[in-house]
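Colleague: The structure's right below; bear with me while I get my questions together.
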Amino acid sequence: MPADNQTDSDEEEEEDDGGSEGGNSSSVVTFFSSLISGFVRKWGCFRTVHNMLNVPTQSFPAPSSQQRVSPSGQSGRNKVALKPGHSLMDWIRFAKSGKDLTGLRGRLIEVTEEELRKHNRREDCWTCIRGMVYNVSAYMDYHPGGEEELMKAAGVDGTELFDQVHRWVNYESMLKECLVGRMSTKAATAVRAIIPPPPVTGLASPTSVAPLPDKDSRPRYDWFQTDGTVHLVVYTRRKIPSSGCTTVDLKAGVLRLEVLLGKMSYMIHLRLSNEVEENVAVHTAFSVGKIQVSIRKGTHGKWASLGQPLESHNTFVRQKDRALFYRDCVLVSKTEVNHNTYLFRLQLPAGTVMHVPVGKHVHLKALVQDVEVVRPYTPVEHIFPAASKNWSQESDLYLMIKVYPDGAFTPHLSSLSVGDHVAVSSPEGTFSLRPLRDVTNLYLIAAGTGFTPMARLIRAALEDIETIGNTKLLFFNRREEDILWRFELDEVAANNDRFQVEHVLSEPSERWTGWKGQVNEPILTEMLARPDGSKCYVCVCGPAAFTELTLGLLKHQGFSEQELHAFQG
């Protein structure tokens, strides 16, 4: 939910909520949170407007943006209850109704800093994002973060506040009909929204420049060839998780390789010297950190060089500063998991290999009512638990997704037929297995589809991390029929004394004999033991209010931020 995902894009989150009301999140994190629901790329007509205004091309996402949930457990969203008829889709319909949302009757103007300051009231609210000024007055009632959060950018430049929410949010299409014009040349020195100091989490401000790793620790690459193949080898200089960390895309002679190493991203980007077959093989030596990519040559012979460098070639940067990259995938199958949740199987292109690290998520992107909508989802294995001790390296991606009838994205996804296409991004997210190295007790607290990042984490804890003697899943749902993979979870618990699962239902039937209620302090106190000499770690994933409440309860029980991780989209 991710930012991490990493709550898996609950479009009407309250339906899965195993808790009650959450606490307040920081204003930085919550600002413009509703725009996350749109994730729209530029419409053609808006590009025309930009050309007319002579707006320079901007890279998006912005390099200074960041995931809104820190590894230390600080949650990301503070939502308010919206009036009926004020969902994302309602806003899209309203924005396309032809009403004048700017008050300028279609005129585009150049806005001075002085003029921007004048429009700082709820009924007359302008804000500036990357040099473009929008009248967001009409959007107030549609903003899930509430009027108060939106007003923090009233009459000022809200770019920095916006960038700190989600690096993949696109505001241009969402606010296209609210466009007033562009800031005058003096906008570079325009007053900016006041950003409160970040909470003490050990996370550097996104505007500060933290030192990159020492040069000696940077990955490097080399290549060699035979008469019929070419091989690229990456030396990461660190151990690699057994779930892998490599994404390779080969298309039309262009090779793009990205390796996720903690919070860092290493990239190789080349136009290959000669023609090749459009498929690749990836072999990983996990213990020594070596990755070999093998490609068949189109014609036999010796190459004089591997290829020509392209943008971002041989760079090692923070993952959050790397723009998202999408490729078209094909829907292979859709299998029912329960009454409203399905397992979508997506086939990657022939030239793509994607190893998604545990706890990372991908984004799906598609046109919905002529709007490009994006949602984050966490991949799962196609069965739970996987039959083999080797992590699946097959070319297909499996996503467990709940379909909301009134959602902005999932009804479209559910309507796809086998053979239809959907765009899928490379993996991202802040979660790392590193803090689990010496953990003895791992607690996973999930609500609804917040279970998805836990599925692969359970397997990693049981198969790859020997120090973890006890993994316990607290799974909150409304009714029995809502429990995902219930039989499989109960079977693993019955056959492995290192794993336990406790189901908690808020609307149980009369025959239910298990835990009842919503997340609260007595349940967590009973479930989360802290034996003497143990080292505990807790992961939480679910709707925003559930996550906020759970984190607060855990901290009240004495868990430190270093012992908590919140998955959030």
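Convention: chains lettered A, B, ... in structure tokens order; per-chain residue numbering from 1; ligands numbered from 1 as shown.
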Near Lys402 (chain A), counting only C-alpha atoms, which residues have an atom at most 7 Å away, once you skip same-chain residues fewer than 4 positions from it, shown as number ranges by chain?
Modeller: A: 340-342, 449
Colleague: Output all heavy atoms of each residue in that selection to a file, as a compact mmCIF listing (two decimals), in the first residue's frame.
Modeller:
```
# COMPACT_ATOMS: atom_id res chain seq x y z
N ASN A 340 -14.43 -12.68 -4.72
CA ASN A 340 -14.15 -11.39 -5.37
C ASN A 340 -12.68 -11.15 -5.67
O ASN A 340 -12.29 -10.04 -6.03
CB ASN A 340 -14.69 -10.24 -4.51
CG ASN A 340 -14.07 -10.20 -3.12
OD1 ASN A 340 -13.08 -10.88 -2.84
ND2 ASN A 340 -14.66 -9.41 -2.24
N THR A 341 -11.88 -12.17 -5.53
CA THR A 341 -10.43 -12.04 -5.75
C THR A 341 -9.96 -13.09 -6.75
O THR A 341 -10.40 -14.25 -6.69
CB THR A 341 -9.67 -12.20 -4.42
OG1 THR A 341 -10.16 -11.23 -3.48
CG2 THR A 341 -8.18 -11.99 -4.62
N TYR A 342 -9.06 -12.67 -7.64
CA TYR A 342 -8.62 -13.55 -8.72
C TYR A 342 -7.09 -13.55 -8.81
O TYR A 342 -6.42 -12.58 -8.41
CB TYR A 342 -9.20 -13.08 -10.06
CG TYR A 342 -10.70 -13.09 -10.10
CD1 TYR A 342 -11.43 -12.00 -9.63
CD2 TYR A 342 -11.41 -14.19 -10.57
CE1 TYR A 342 -12.82 -12.00 -9.64
CE2 TYR A 342 -12.80 -14.21 -10.59
CZ TYR A 342 -13.49 -13.10 -10.12
OH TYR A 342 -14.87 -13.11 -10.12
N THR A 449 -6.43 -8.08 1.09
CA THR A 449 -5.37 -8.32 0.10
C THR A 449 -4.02 -7.78 0.56
O THR A 449 -3.04 -7.89 -0.17
CB THR A 449 -5.75 -7.69 -1.25
OG1 THR A 449 -6.16 -6.33 -1.05
CG2 THR A 449 -6.88 -8.47 -1.91
```
Colleague: I need the residue nearest Leu116 (chain A) from this list: A:Ile92, A:Leu564, A:Ala323, A:Val180. Use only C-alpha atoms for the distance.
Modeller: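 Closest to Leu116 (chain A) of all the choices is A:Val180.
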Colleague: For Asp497 (chain A), which residue among A:Leu250, A:Ile468, A:Leu474, A:Cys539 is the nearest when counting only C-alpha atoms?
Modeller: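 For Asp497 (chain A), the nearest of the candidates is A:Ile468.
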Colleague: Quick one: residues within 8 Å of Leu524 (chain A), only C-alpha atoms, excluding same-chain residues fewer than 5 positions away - as a list in words?
Modeller: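 With the cut-off at 8 Å, the set is Val519, Leu553 and Leu554 of chain A.
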Colleague: For the selection just defined, write its residues with C-alpha atoms to a file, as a CSV table (one decimal), in the first residue's frame.
Modeller:
```csv
chain,number,residue,atom,x,y,z
A,519,VAL,CA,-7.3,-5.1,15.4
A,553,LEU,CA,-0.7,-0.1,18.8
A,554,LEU,CA,2.5,-1.9,18.2
```
Colleague: Give me the residues near Asp438 (chain A) as a ChimeraX atom specification, where near means some atom within 12 Å (using only C-alpha atoms) and where sequence neighbours in that chain fewer than 2 positions away do not count.
Modeller: /A:433-436,440-442,461,465-469,533-537,563
Colleague: Suppose we keep N, CA and C atoms; can you now write the selection as a PDB file, in the first residue's frame?
Modeller:
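Full text of part.pdb as output:
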```
ATOM      1  N   LEU A 433      15.202  -7.719   2.951  1.00  0.00           N
ATOM      2  CA  LEU A 433      15.340  -8.862   3.848  1.00  0.00           C
ATOM      3  C   LEU A 433      16.485  -8.690   4.842  1.00  0.00           C
ATOM      4  N   ARG A 434      17.315  -7.703   4.613  1.00  0.00           N
ATOM      5  CA  ARG A 434      18.510  -7.523   5.445  1.00  0.00           C
ATOM      6  C   ARG A 434      18.195  -7.446   6.943  1.00  0.00           C
ATOM      7  N   PRO A 435      17.155  -6.677   7.374  1.00  0.00           N
ATOM      8  CA  PRO A 435      16.887  -6.608   8.821  1.00  0.00           C
ATOM      9  C   PRO A 435      16.470  -7.936   9.439  1.00  0.00           C
ATOM     10  N   LEU A 436      16.145  -8.930   8.614  1.00  0.00           N
ATOM     11  CA  LEU A 436      15.676 -10.212   9.147  1.00  0.00           C
ATOM     12  C   LEU A 436      16.816 -11.198   9.409  1.00  0.00           C
ATOM     13  N   THR A 440      14.544 -13.663  15.305  1.00  0.00           N
ATOM     14  CA  THR A 440      14.112 -14.987  15.755  1.00  0.00           C
ATOM     15  C   THR A 440      12.597 -15.157  15.655  1.00  0.00           C
ATOM     16  N   ASN A 441      11.860 -14.060  15.803  1.00  0.00           N
ATOM     17  CA  ASN A 441      10.395 -14.098  15.766  1.00  0.00           C
ATOM     18  C   ASN A 441       9.883 -13.070  14.753  1.00  0.00           C
ATOM     19  N   LEU A 442       9.246 -13.577  13.694  1.00  0.00           N
ATOM     20  CA  LEU A 442       8.709 -12.706  12.647  1.00  0.00           C
ATOM     21  C   LEU A 442       7.183 -12.715  12.733  1.00  0.00           C
ATOM     22  N   ALA A 461      10.978 -16.763   4.915  1.00  0.00           N
ATOM     23  CA  ALA A 461      11.276 -17.000   6.328  1.00  0.00           C
ATOM     24  C   ALA A 461      11.442 -18.478   6.630  1.00  0.00           C
ATOM     25  N   ILE A 465      15.785 -18.219   5.681  1.00  0.00           N
ATOM     26  CA  ILE A 465      16.340 -17.515   6.842  1.00  0.00           C
ATOM     27  C   ILE A 465      16.261 -18.442   8.049  1.00  0.00           C
ATOM     28  N   GLU A 466      17.324 -19.123   8.319  1.00  0.00           N
ATOM     29  CA  GLU A 466      17.328 -20.171   9.338  1.00  0.00           C
ATOM     30  C   GLU A 466      17.204 -19.632  10.742  1.00  0.00           C
ATOM     31  N   THR A 467      17.573 -18.356  10.960  1.00  0.00           N
ATOM     32  CA  THR A 467      17.516 -17.815  12.323  1.00  0.00           C
ATOM     33  C   THR A 467      16.086 -17.607  12.804  1.00  0.00           C
ATOM     34  N   ILE A 468      15.141 -17.495  11.884  1.00  0.00           N
ATOM     35  CA  ILE A 468      13.757 -17.247  12.272  1.00  0.00           C
ATOM     36  C   ILE A 468      13.130 -18.560  12.734  1.00  0.00           C
ATOM     37  N   GLY A 469      12.936 -18.657  14.035  1.00  0.00           N
ATOM     38  CA  GLY A 469      12.383 -19.890  14.589  1.00  0.00           C
ATOM     39  C   GLY A 469      10.871 -19.911  14.600  1.00  0.00           C
ATOM     40  N   GLY A 533      15.385 -12.920  25.255  1.00  0.00           N
ATOM     41  CA  GLY A 533      16.495 -13.200  24.346  1.00  0.00           C
ATOM     42  C   GLY A 533      16.115 -13.227  22.881  1.00  0.00           C
ATOM     43  N   SER A 534      14.854 -12.980  22.594  1.00  0.00           N
ATOM     44  CA  SER A 534      14.416 -13.027  21.191  1.00  0.00           C
ATOM     45  C   SER A 534      14.629 -11.671  20.518  1.00  0.00           C
ATOM     46  N   LYS A 535      14.653 -11.709  19.200  1.00  0.00           N
ATOM     47  CA  LYS A 535      14.670 -10.479  18.413  1.00  0.00           C
ATOM     48  C   LYS A 535      13.484 -10.536  17.467  1.00  0.00           C
ATOM     49  N   CYS A 536      12.605  -9.557  17.590  1.00  0.00           N
ATOM     50  CA  CYS A 536      11.350  -9.595  16.847  1.00  0.00           C
ATOM     51  C   CYS A 536      11.335  -8.569  15.715  1.00  0.00           C
ATOM     52  N   TYR A 537      10.530  -8.878  14.708  1.00  0.00           N
ATOM     53  CA  TYR A 537      10.305  -7.951  13.598  1.00  0.00           C
ATOM     54  C   TYR A 537       8.861  -8.118  13.165  1.00  0.00           C
ATOM     55  N   GLU A 563      11.962  -2.126  14.457  1.00  0.00           N
ATOM     56  CA  GLU A 563      11.380  -3.463  14.462  1.00  0.00           C
ATOM     57  C   GLU A 563      10.105  -3.543  13.628  1.00  0.00           C
TER      58      GLU A 563
END
```
Colleague: Write out as a PyMOL selection string the set of residues from region 326-562 of chain A that DSSP, computed on the backbone, places in strand (DSSP E).
Modeller: chain A and resi 326-336+341-347+352-354+362-368+371-377+379-380+396-402+421-425+441-447+470-477+499-505+515-516+536-541
Colleague: List as a list in words the protein and nucleic acid residues near Cys178 (chain A), meaning an atom at most 8 Å away when only C-alpha atoms are counted, but skip any in the same chain fewer than 4 places from it.
Modeller: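 Near neighbours after the sequence-gap exclusion: Leu101, Thr102, Tyr134, Asn135 and Val136 of chain A.
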Colleague: For the residues in the current selection, export all heavy atoms as a compact mmCIF listing (two decimals), in the first residue's frame.
Modeller:
```
# COMPACT_ATOMS: atom_id res chain seq x y z
N LEU A 101 -13.78 24.74 -14.82
CA LEU A 101 -13.19 24.50 -13.50
C LEU A 101 -12.11 25.51 -13.14
O LEU A 101 -11.61 25.51 -12.02
CB LEU A 101 -12.61 23.08 -13.43
CG LEU A 101 -13.59 21.94 -13.71
CD1 LEU A 101 -12.91 20.60 -13.48
CD2 LEU A 101 -14.85 22.06 -12.87
N THR A 102 -11.74 26.35 -14.09
CA THR A 102 -10.67 27.33 -13.83
C THR A 102 -11.22 28.72 -13.52
O THR A 102 -10.54 29.53 -12.89
CB THR A 102 -9.73 27.45 -15.03
OG1 THR A 102 -10.45 28.01 -16.14
CG2 THR A 102 -9.17 26.09 -15.42
N TYR A 134 -2.75 25.41 -11.21
CA TYR A 134 -4.05 24.76 -11.29
C TYR A 134 -5.00 25.37 -10.27
O TYR A 134 -4.60 25.70 -9.14
CB TYR A 134 -3.91 23.25 -11.01
CG TYR A 134 -2.99 22.54 -11.97
CD1 TYR A 134 -1.64 22.43 -11.68
CD2 TYR A 134 -3.48 21.98 -13.14
CE1 TYR A 134 -0.78 21.77 -12.56
CE2 TYR A 134 -2.63 21.33 -14.02
CZ TYR A 134 -1.28 21.23 -13.73
OH TYR A 134 -0.43 20.59 -14.60
N ASN A 135 -6.26 25.49 -10.67
CA ASN A 135 -7.32 25.87 -9.74
C ASN A 135 -7.94 24.59 -9.20
O ASN A 135 -8.68 23.91 -9.89
CB ASN A 135 -8.38 26.71 -10.48
CG ASN A 135 -9.46 27.22 -9.54
OD1 ASN A 135 -9.63 26.72 -8.43
ND2 ASN A 135 -10.21 28.22 -9.98
N VAL A 136 -7.61 24.24 -7.97
CA VAL A 136 -8.05 22.97 -7.39
C VAL A 136 -9.27 23.14 -6.50
O VAL A 136 -9.61 22.23 -5.74
CB VAL A 136 -6.90 22.30 -6.61
CG1 VAL A 136 -5.77 21.93 -7.54
CG2 VAL A 136 -6.40 23.20 -5.49
```
Colleague: Name all residues at most 7 Å from region 424-432 of chain A (count only C-alpha atoms; drop same-chain ones fewer than 6 positions away) and give them as number ranges by chain.
Modeller: A: 2-4, 71, 262-263, 324-329, 356, 359-365
Colleague: Keeping only all heavy atoms, write the selected residues as a compact mmCIF listing (two decimals), in the first residue's frame.
Modeller:
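again12.txt written:
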```txt
# COMPACT_ATOMS: atom_id res chain seq x y z
N PRO A 2 4.79 2.29 -1.21
CA PRO A 2 4.80 1.86 -1.12
C PRO A 2 4.90 1.68 -0.64
O PRO A 2 5.04 2.13 -0.95
CB PRO A 2 4.87 1.50 -1.61
CG PRO A 2 5.99 2.32 -1.42
CD PRO A 2 4.75 1.96 -0.99
N ALA A 3 4.46 2.92 -0.30
CA ALA A 3 4.43 2.88 -1.04
C ALA A 3 4.42 2.03 -1.31
O ALA A 3 3.81 1.89 -1.67
CB ALA A 3 4.59 3.30 -2.18
N ASP A 4 5.61 1.43 0.20
CA ASP A 4 5.65 0.27 -0.62
C ASP A 4 4.27 0.00 -1.18
O ASP A 4 3.37 0.51 -0.72
CB ASP A 4 6.02 -0.88 0.22
CG ASP A 4 7.48 -0.97 0.49
OD1 ASP A 4 8.24 -0.51 -0.33
OD2 ASP A 4 7.84 -1.49 1.49
N PRO A 71 11.13 2.06 5.76
CA PRO A 71 11.36 0.71 6.28
C PRO A 71 11.19 0.65 7.78
O PRO A 71 10.96 -0.39 8.35
CB PRO A 71 12.80 0.42 5.86
CG PRO A 71 13.06 1.34 4.71
CD PRO A 71 12.25 2.57 4.99
N GLY A 262 19.21 -3.65 -2.60
CA GLY A 262 18.73 -2.85 -1.49
C GLY A 262 17.94 -1.67 -2.02
O GLY A 262 17.01 -1.82 -2.79
N LYS A 263 18.34 -0.48 -1.61
CA LYS A 263 17.67 0.74 -2.07
C LYS A 263 18.30 1.30 -3.34
O LYS A 263 17.87 2.34 -3.84
CB LYS A 263 17.73 1.81 -0.97
CG LYS A 263 16.97 1.42 0.29
CD LYS A 263 17.07 2.53 1.33
CE LYS A 263 16.32 2.14 2.61
NZ LYS A 263 16.42 3.19 3.65
N LEU A 324 10.20 4.87 -13.75
CA LEU A 324 9.57 3.57 -13.98
C LEU A 324 9.66 3.20 -15.46
O LEU A 324 9.54 4.05 -16.33
CB LEU A 324 8.11 3.60 -13.56
CG LEU A 324 7.84 3.67 -12.06
CD1 LEU A 324 6.34 3.75 -11.81
CD2 LEU A 324 8.43 2.47 -11.34
N PHE A 325 9.85 1.93 -15.70
CA PHE A 325 9.93 1.41 -17.07
C PHE A 325 8.85 0.34 -17.24
O PHE A 325 8.73 -0.57 -16.42
CB PHE A 325 11.32 0.81 -17.34
CG PHE A 325 11.49 0.29 -18.73
CD1 PHE A 325 11.83 1.14 -19.77
CD2 PHE A 325 11.32 -1.06 -19.01
CE1 PHE A 325 11.99 0.66 -21.07
CE2 PHE A 325 11.49 -1.56 -20.30
CZ PHE A 325 11.82 -0.69 -21.32
N TYR A 326 8.07 0.47 -18.30
CA TYR A 326 6.96 -0.46 -18.54
C TYR A 326 7.21 -1.31 -19.78
O TYR A 326 7.89 -0.89 -20.71
CB TYR A 326 5.65 0.31 -18.75
CG TYR A 326 5.09 0.93 -17.49
CD1 TYR A 326 5.49 2.19 -17.07
CD2 TYR A 326 4.14 0.25 -16.73
CE1 TYR A 326 4.96 2.76 -15.91
CE2 TYR A 326 3.61 0.81 -15.58
CZ TYR A 326 4.03 2.07 -15.18
OH TYR A 326 3.51 2.63 -14.03
N ARG A 327 6.61 -2.52 -19.77
CA ARG A 327 6.58 -3.36 -20.95
C ARG A 327 5.19 -3.97 -21.05
O ARG A 327 4.49 -4.15 -20.03
CB ARG A 327 7.66 -4.46 -20.91
CG ARG A 327 7.42 -5.58 -19.96
CD ARG A 327 7.81 -5.30 -18.54
NE ARG A 327 9.23 -5.00 -18.42
CZ ARG A 327 9.72 -4.23 -17.48
NH1 ARG A 327 8.91 -3.70 -16.56
NH2 ARG A 327 10.99 -3.98 -17.41
N ASP A 328 4.75 -4.27 -22.27
CA ASP A 328 3.42 -4.84 -22.48
C ASP A 328 3.43 -6.33 -22.17
O ASP A 328 4.26 -7.09 -22.68
CB ASP A 328 2.97 -4.63 -23.93
CG ASP A 328 2.31 -3.27 -24.14
OD1 ASP A 328 1.82 -2.72 -23.14
OD2 ASP A 328 2.32 -2.77 -25.26
N CYS A 329 2.48 -6.77 -21.35
CA CYS A 329 2.33 -8.17 -21.00
C CYS A 329 0.97 -8.67 -21.47
O CYS A 329 0.05 -7.89 -21.69
CB CYS A 329 2.47 -8.37 -19.50
SG CYS A 329 4.11 -7.94 -18.86
N VAL A 356 11.42 -10.70 -9.37
CA VAL A 356 10.90 -9.72 -8.41
C VAL A 356 11.36 -10.10 -7.01
O VAL A 356 11.01 -11.16 -6.49
CB VAL A 356 9.36 -9.66 -8.45
CG1 VAL A 356 8.85 -8.61 -7.48
CG2 VAL A 356 8.87 -9.37 -9.87
N GLY A 359 8.92 -8.84 -1.30
CA GLY A 359 8.49 -7.57 -0.73
C GLY A 359 8.41 -6.42 -1.71
O GLY A 359 7.94 -5.34 -1.35
N LYS A 360 8.86 -6.62 -2.94
CA LYS A 360 8.76 -5.56 -3.96
C LYS A 360 7.44 -5.69 -4.70
O LYS A 360 6.78 -6.74 -4.68
CB LYS A 360 9.92 -5.66 -4.96
CG LYS A 360 11.30 -5.65 -4.34
CD LYS A 360 11.65 -4.32 -3.70
CE LYS A 360 13.11 -4.31 -3.23
NZ LYS A 360 13.48 -3.06 -2.55
N HIS A 361 7.04 -4.63 -5.38
CA HIS A 361 5.79 -4.64 -6.12
C HIS A 361 6.03 -4.10 -7.53
O HIS A 361 7.08 -3.55 -7.84
CB HIS A 361 4.73 -3.80 -5.41
CG HIS A 361 5.12 -2.37 -5.21
ND1 HIS A 361 5.88 -1.94 -4.15
CD2 HIS A 361 4.87 -1.26 -5.95
CE1 HIS A 361 6.08 -0.64 -4.23
NE2 HIS A 361 5.48 -0.20 -5.32
N VAL A 362 5.02 -4.28 -8.38
CA VAL A 362 5.04 -3.72 -9.73
C VAL A 362 3.81 -2.84 -9.89
O VAL A 362 2.88 -2.88 -9.08
CB VAL A 362 5.05 -4.82 -10.81
CG1 VAL A 362 6.29 -5.69 -10.70
CG2 VAL A 362 3.77 -5.67 -10.73
N HIS A 363 3.80 -2.03 -10.94
CA HIS A 363 2.63 -1.22 -11.25
C HIS A 363 2.01 -1.72 -12.55
O HIS A 363 2.72 -2.06 -13.49
CB HIS A 363 3.01 0.25 -11.43
CG HIS A 363 3.56 0.89 -10.19
ND1 HIS A 363 4.91 0.95 -9.92
CD2 HIS A 363 2.93 1.48 -9.15
CE1 HIS A 363 5.08 1.55 -8.76
NE2 HIS A 363 3.90 1.88 -8.27
N LEU A 364 0.69 -1.77 -12.58
CA LEU A 364 -0.04 -2.06 -13.81
C LEU A 364 -0.61 -0.75 -14.33
O LEU A 364 -1.07 0.09 -13.56
CB LEU A 364 -1.18 -3.05 -13.56
CG LEU A 364 -0.83 -4.42 -12.98
CD1 LEU A 364 -2.05 -5.34 -13.06
CD2 LEU A 364 0.35 -5.05 -13.69
N LYS A 365 -0.60 -0.60 -15.64
CA LYS A 365 -1.07 0.64 -16.26
C LYS A 365 -1.97 0.29 -17.44
O LYS A 365 -1.64 -0.58 -18.25
CB LYS A 365 0.12 1.48 -16.74
CG LYS A 365 -0.28 2.78 -17.42
CD LYS A 365 0.95 3.63 -17.74
CE LYS A 365 1.85 2.99 -18.80
NZ LYS A 365 2.96 3.89 -19.20
```
Colleague: Go ahead and compute the interatomic distance for CA of His382 (chain A) and CA of Tyr398 (chain A), in Å to one decimal.
Modeller: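 The value is 6.0 Å.
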Colleague: Suppose you want the space between CA of Val254 (chain A) and CA of Ala281 (chain A); what is it in Å?
Modeller: 15.5 Å
Colleague: Name the closest residue to Lys290 (chain A) among the candidates A:Thr352, A:Thr246, A:Ser417, A:Ser312; distances are taken between atoms, counting only C-alpha atoms.
Modeller: A:Thr246
Colleague: When distances are computed from only C-alpha atoms, which of A:Phe316, A:Trp485, A:Trp126, A:Phe384 shows the smallest separation from Arg182 (chain A)?
Modeller: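 Once distances to Arg182 (chain A) are computed over only C-alpha atoms, the minimum belongs to A:Trp126.
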Colleague: So which residues touch Met354 (chain A) within 10 Å, counting only C-alpha atoms, skipping near sequence neighbours fewer than 6 positions away, as number ranges by chain?
Modeller: A: 244-249, 257-258, 282, 348, 393-397, 426-427
Colleague: Grab the CA of Leu528 (chain A) to CA of Phe487 (chain A) distance for me, in Å with one decimal place.
Modeller: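 That distance, rounded to one decimal, is 23.0 Å.
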Colleague: What parts of region 296-470 of chain A does DSSP call helix (DSSP H, G or I)? I'd like the answer as a ChimeraX atom specification.
Modeller: /A:319-321,410-415,434-436,448-463
Colleague: With C-alpha atoms retained, could you export that selection as a PDB file, in the first residue's frame?
Modeller:
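This went into out.pdb:
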```pdb
ATOM      1  CA  GLN A 319      16.024   3.173  -6.849  1.00  0.00           C
ATOM      2  CA  LYS A 320      13.557   5.969  -6.083  1.00  0.00           C
ATOM      3  CA  ASP A 321      15.427   8.213  -8.522  1.00  0.00           C
ATOM      4  CA  THR A 410      -9.985  -3.458 -11.231  1.00  0.00           C
ATOM      5  CA  PRO A 411     -13.269  -3.591 -13.207  1.00  0.00           C
ATOM      6  CA  HIS A 412     -11.243  -2.867 -16.335  1.00  0.00           C
ATOM      7  CA  LEU A 413      -8.687  -5.500 -15.390  1.00  0.00           C
ATOM      8  CA  SER A 414     -11.423  -8.031 -14.711  1.00  0.00           C
ATOM      9  CA  SER A 415     -13.013  -7.311 -18.101  1.00  0.00           C
ATOM     10  CA  ARG A 434      18.510  -7.523   5.445  1.00  0.00           C
ATOM     11  CA  PRO A 435      16.887  -6.608   8.821  1.00  0.00           C
ATOM     12  CA  LEU A 436      15.676 -10.212   9.147  1.00  0.00           C
ATOM     13  CA  GLY A 448      -7.595  -8.519   3.165  1.00  0.00           C
ATOM     14  CA  THR A 449      -5.374  -8.318   0.105  1.00  0.00           C
ATOM     15  CA  GLY A 450      -2.681  -6.898   2.362  1.00  0.00           C
ATOM     16  CA  PHE A 451      -1.783 -10.579   2.573  1.00  0.00           C
ATOM     17  CA  THR A 452      -0.085 -10.542  -0.838  1.00  0.00           C
ATOM     18  CA  PRO A 453       3.377  -9.271   0.195  1.00  0.00           C
ATOM     19  CA  MET A 454       3.256 -11.688   3.131  1.00  0.00           C
ATOM     20  CA  ALA A 455       2.858 -14.761   0.901  1.00  0.00           C
ATOM     21  CA  ARG A 456       6.402 -14.736  -0.469  1.00  0.00           C
ATOM     22  CA  LEU A 457       7.789 -13.407   2.801  1.00  0.00           C
ATOM     23  CA  ILE A 458       6.423 -16.471   4.614  1.00  0.00           C
ATOM     24  CA  ARG A 459       8.236 -18.709   2.182  1.00  0.00           C
ATOM     25  CA  ALA A 460      11.489 -16.765   2.541  1.00  0.00           C
ATOM     26  CA  ALA A 461      11.276 -17.000   6.328  1.00  0.00           C
ATOM     27  CA  LEU A 462      10.668 -20.747   6.274  1.00  0.00           C
ATOM     28  CA  GLU A 463      13.164 -21.721   3.565  1.00  0.00           C
TER      29      GLU A 463
END
```
